[in-house]
Amino acid sequence: MSRRIAIFLFWLLGFTIGFTAYLSLPGVTAWFSSVLPNFLNHSMMGAIIAGVVGSALSTFTIVYWANRTA
C-alpha cells in the first residue's frame with residue numbers, strides 16, 4: 001500500500017471518529033454528568049471523552065496496520 005493512500009485512510013478514519021464523536025457527545029456528556037455531578041463541566045468532559053476515543057481508535061488502527069504488514 002502506498003504511503004499516500006495509508007495517510008489518506010488514516011486521516012479519513014480520524015475524521016470519521018471525530019465526526020461521530022461530535023454527534024454523540026451531548027448524550028454521553030449528559031450521562032457522565034449524572035454519574036459524576038459537579039466534578040467537571042460539560043466542555044471538559046466532552047474534550048476528555050473525545051480525546052480518549054480518538055487516541056484509542058487511532059492507536060489500535062496503527063498497531064493493527066503495523067502488525068499486518070510486518
# chains A, B, ... in the order shown; residues from 1 in each chain; ligands from 1
call {"tool": "residues_around", "arguments": {"residues": "range 43-53 of chain A", "least_positions_apart": "4", "cutoff": "9 Å", "atoms": "only C-alpha atoms", "output": "PyMOL selection string"}}
result
chain A and resi 17-18+21-22+25-26+28-29+32-33+57-58
call {"tool": "write_last_selection", "arguments": {"atoms": "C-alpha atoms", "output": "JSON list (two decimals), in the first residue's frame"}}
result
[["chain", "number", "residue", "atom", "x", "y", "z"],
["A", 17, "ILE", "CA", -14.19, 9.21, 14.52],
["A", 18, "GLY", "CA", -14.26, 12.92, 15.28],
["A", 21, "ALA", "CA", -17.95, 11.65, 18.45],
["A", 22, "TYR", "CA", -19.20, 15.20, 17.90],
["A", 25, "LEU", "CA", -21.14, 13.85, 22.52],
["A", 26, "PRO", "CA", -24.19, 15.60, 24.06],
["A", 28, "VAL", "CA", -22.53, 10.92, 26.50],
["A", 29, "THR", "CA", -21.66, 14.07, 28.45],
["A", 32, "PHE", "CA", -21.37, 11.38, 32.65],
["A", 33, "SER", "CA", -22.81, 14.49, 34.31],
["A", 57, "LEU", "CA", -9.01, 4.04, 17.99],
["A", 58, "SER", "CA", -6.13, 5.62, 16.12]]
call {"tool": "residues_around", "arguments": {"residues": "range 61-68 of chain A", "least_positions_apart": "3", "cutoff": "12 Å", "atoms": "only C-alpha atoms", "output": "mmCIF file with N, CA and C atoms, in the first residue's frame"}}
result
data_model
loop_
_atom_site.group_PDB
_atom_site.id
_atom_site.type_symbol
_atom_site.label_atom_id
_atom_site.label_comp_id
_atom_site.auth_asym_id
_atom_site.auth_seq_id
_atom_site.Cartn_x
_atom_site.Cartn_y
_atom_site.Cartn_z
ATOM 1 N N MET A 1 0.861 -1.173 0.000
ATOM 2 C CA MET A 1 0.000 0.000 0.000
ATOM 3 C C MET A 1 0.903 1.231 0.000
ATOM 4 N N ALA A 6 -2.179 5.249 2.598
ATOM 5 C CA ALA A 6 -2.228 4.954 4.032
ATOM 6 C C ALA A 6 -2.489 6.216 4.844
ATOM 7 N N ILE A 7 -1.826 7.302 4.503
ATOM 8 C CA ILE A 7 -2.043 8.568 5.218
ATOM 9 C C ILE A 7 -3.461 9.070 4.995
ATOM 10 N N LEU A 9 -6.125 7.244 4.308
ATOM 11 C CA LEU A 9 -7.048 6.385 5.041
ATOM 12 C C LEU A 9 -7.000 6.667 6.537
ATOM 13 N N PHE A 10 -5.814 6.929 7.063
ATOM 14 C CA PHE A 10 -5.692 7.266 8.478
ATOM 15 C C PHE A 10 -6.382 8.593 8.770
ATOM 16 N N TRP A 11 -6.224 9.578 7.878
ATOM 17 C CA TRP A 11 -6.901 10.849 8.053
ATOM 18 C C TRP A 11 -8.417 10.658 7.981
ATOM 19 N N LEU A 13 -10.144 7.984 8.685
ATOM 20 C CA LEU A 13 -10.577 7.320 9.909
ATOM 21 C C LEU A 13 -10.676 8.321 11.055
ATOM 22 N N GLY A 14 -9.680 9.161 11.214
ATOM 23 C CA GLY A 14 -9.708 10.179 12.262
ATOM 24 C C GLY A 14 -10.861 11.152 12.085
ATOM 25 N N ILE A 17 -14.101 9.339 13.065
ATOM 26 C CA ILE A 17 -14.195 9.207 14.517
ATOM 27 C C ILE A 17 -14.594 10.540 15.146
ATOM 28 N N GLY A 54 -10.667 9.027 20.385
ATOM 29 C CA GLY A 54 -9.854 9.247 19.191
ATOM 30 C C GLY A 54 -8.470 8.652 19.300
ATOM 31 N N SER A 55 -7.827 8.840 20.450
ATOM 32 C CA SER A 55 -6.475 8.298 20.604
ATOM 33 C C SER A 55 -6.485 6.778 20.667
ATOM 34 N N ALA A 56 -7.479 6.194 21.331
ATOM 35 C CA ALA A 56 -7.542 4.735 21.422
ATOM 36 C C ALA A 56 -7.767 4.113 20.047
ATOM 37 N N LEU A 57 -8.726 4.621 19.309
ATOM 38 C CA LEU A 57 -9.010 4.040 17.993
ATOM 39 C C LEU A 57 -7.873 4.241 17.009
ATOM 40 N N SER A 58 -7.247 5.407 17.032
ATOM 41 C CA SER A 58 -6.130 5.618 16.115
ATOM 42 C C SER A 58 -4.939 4.745 16.500
#
call {"tool": "atom_distance", "arguments": {"atom1": "CA of Ser24 in chain A", "atom2": "CA of Ile5 in chain A"}}
result
28.3 Å
call {"tool": "decode", "arguments": {"residues": "range 2-26 of chain A", "atoms": "N, CA and C atoms", "output": "compact mmCIF listing (two decimals), in the first residue's frame"}}
result
# COMPACT_ATOMS: atom_id res chain seq x y z
N SER A 2 0.59 2.19 -0.84
CA SER A 2 1.43 3.38 -0.90
C SER A 2 1.22 4.24 0.34
N ARG A 3 2.21 5.04 0.63
CA ARG A 3 2.15 5.90 1.82
C ARG A 3 1.03 6.93 1.72
N ARG A 4 0.83 7.46 0.56
CA ARG A 4 -0.23 8.47 0.39
C ARG A 4 -1.61 7.87 0.68
N ILE A 5 -1.83 6.66 0.21
CA ILE A 5 -3.12 6.01 0.48
C ILE A 5 -3.26 5.72 1.97
N ALA A 6 -2.18 5.25 2.60
CA ALA A 6 -2.23 4.95 4.03
C ALA A 6 -2.49 6.22 4.84
N ILE A 7 -1.83 7.30 4.50
CA ILE A 7 -2.04 8.57 5.22
C ILE A 7 -3.46 9.07 4.99
N PHE A 8 -3.94 8.97 3.77
CA PHE A 8 -5.31 9.40 3.49
C PHE A 8 -6.32 8.57 4.27
N LEU A 9 -6.12 7.24 4.31
CA LEU A 9 -7.05 6.39 5.04
C LEU A 9 -7.00 6.67 6.54
N PHE A 10 -5.81 6.93 7.06
CA PHE A 10 -5.69 7.27 8.48
C PHE A 10 -6.38 8.59 8.77
N TRP A 11 -6.22 9.58 7.88
CA TRP A 11 -6.90 10.85 8.05
C TRP A 11 -8.42 10.66 7.98
N LEU A 12 -8.88 9.86 7.04
CA LEU A 12 -10.30 9.61 6.89
C LEU A 12 -10.88 8.92 8.13
N LEU A 13 -10.14 7.98 8.69
CA LEU A 13 -10.58 7.32 9.91
C LEU A 13 -10.68 8.32 11.06
N GLY A 14 -9.68 9.16 11.21
CA GLY A 14 -9.71 10.18 12.26
C GLY A 14 -10.86 11.15 12.09
N PHE A 15 -11.11 11.56 10.85
CA PHE A 15 -12.23 12.46 10.59
C PHE A 15 -13.56 11.80 10.95
N THR A 16 -13.71 10.54 10.56
CA THR A 16 -14.94 9.81 10.84
C THR A 16 -15.15 9.65 12.34
N ILE A 17 -14.10 9.34 13.06
CA ILE A 17 -14.19 9.21 14.52
C ILE A 17 -14.59 10.54 15.15
N GLY A 18 -13.94 11.60 14.73
CA GLY A 18 -14.26 12.92 15.28
C GLY A 18 -15.67 13.36 14.95
N PHE A 19 -16.11 13.12 13.74
CA PHE A 19 -17.45 13.49 13.31
C PHE A 19 -18.51 12.74 14.12
N THR A 20 -18.30 11.43 14.27
CA THR A 20 -19.23 10.61 15.04
C THR A 20 -19.23 11.00 16.51
N ALA A 21 -18.05 11.25 17.05
CA ALA A 21 -17.95 11.65 18.45
C ALA A 21 -18.67 12.98 18.69
N TYR A 22 -18.53 13.91 17.76
CA TYR A 22 -19.20 15.20 17.90
C TYR A 22 -20.72 15.04 17.92
N LEU A 23 -21.23 14.17 17.08
CA LEU A 23 -22.68 13.96 17.03
C LEU A 23 -23.21 13.25 18.27
N SER A 24 -22.43 12.34 18.84
CA SER A 24 -22.89 11.59 20.01
C SER A 24 -22.48 12.21 21.33
N LEU A 25 -21.69 13.26 21.30
CA LEU A 25 -21.14 13.85 22.52
C LEU A 25 -22.18 14.39 23.50
N PRO A 26 -23.23 15.08 23.07
CA PRO A 26 -24.19 15.60 24.06
C PRO A 26 -24.82 14.52 24.93
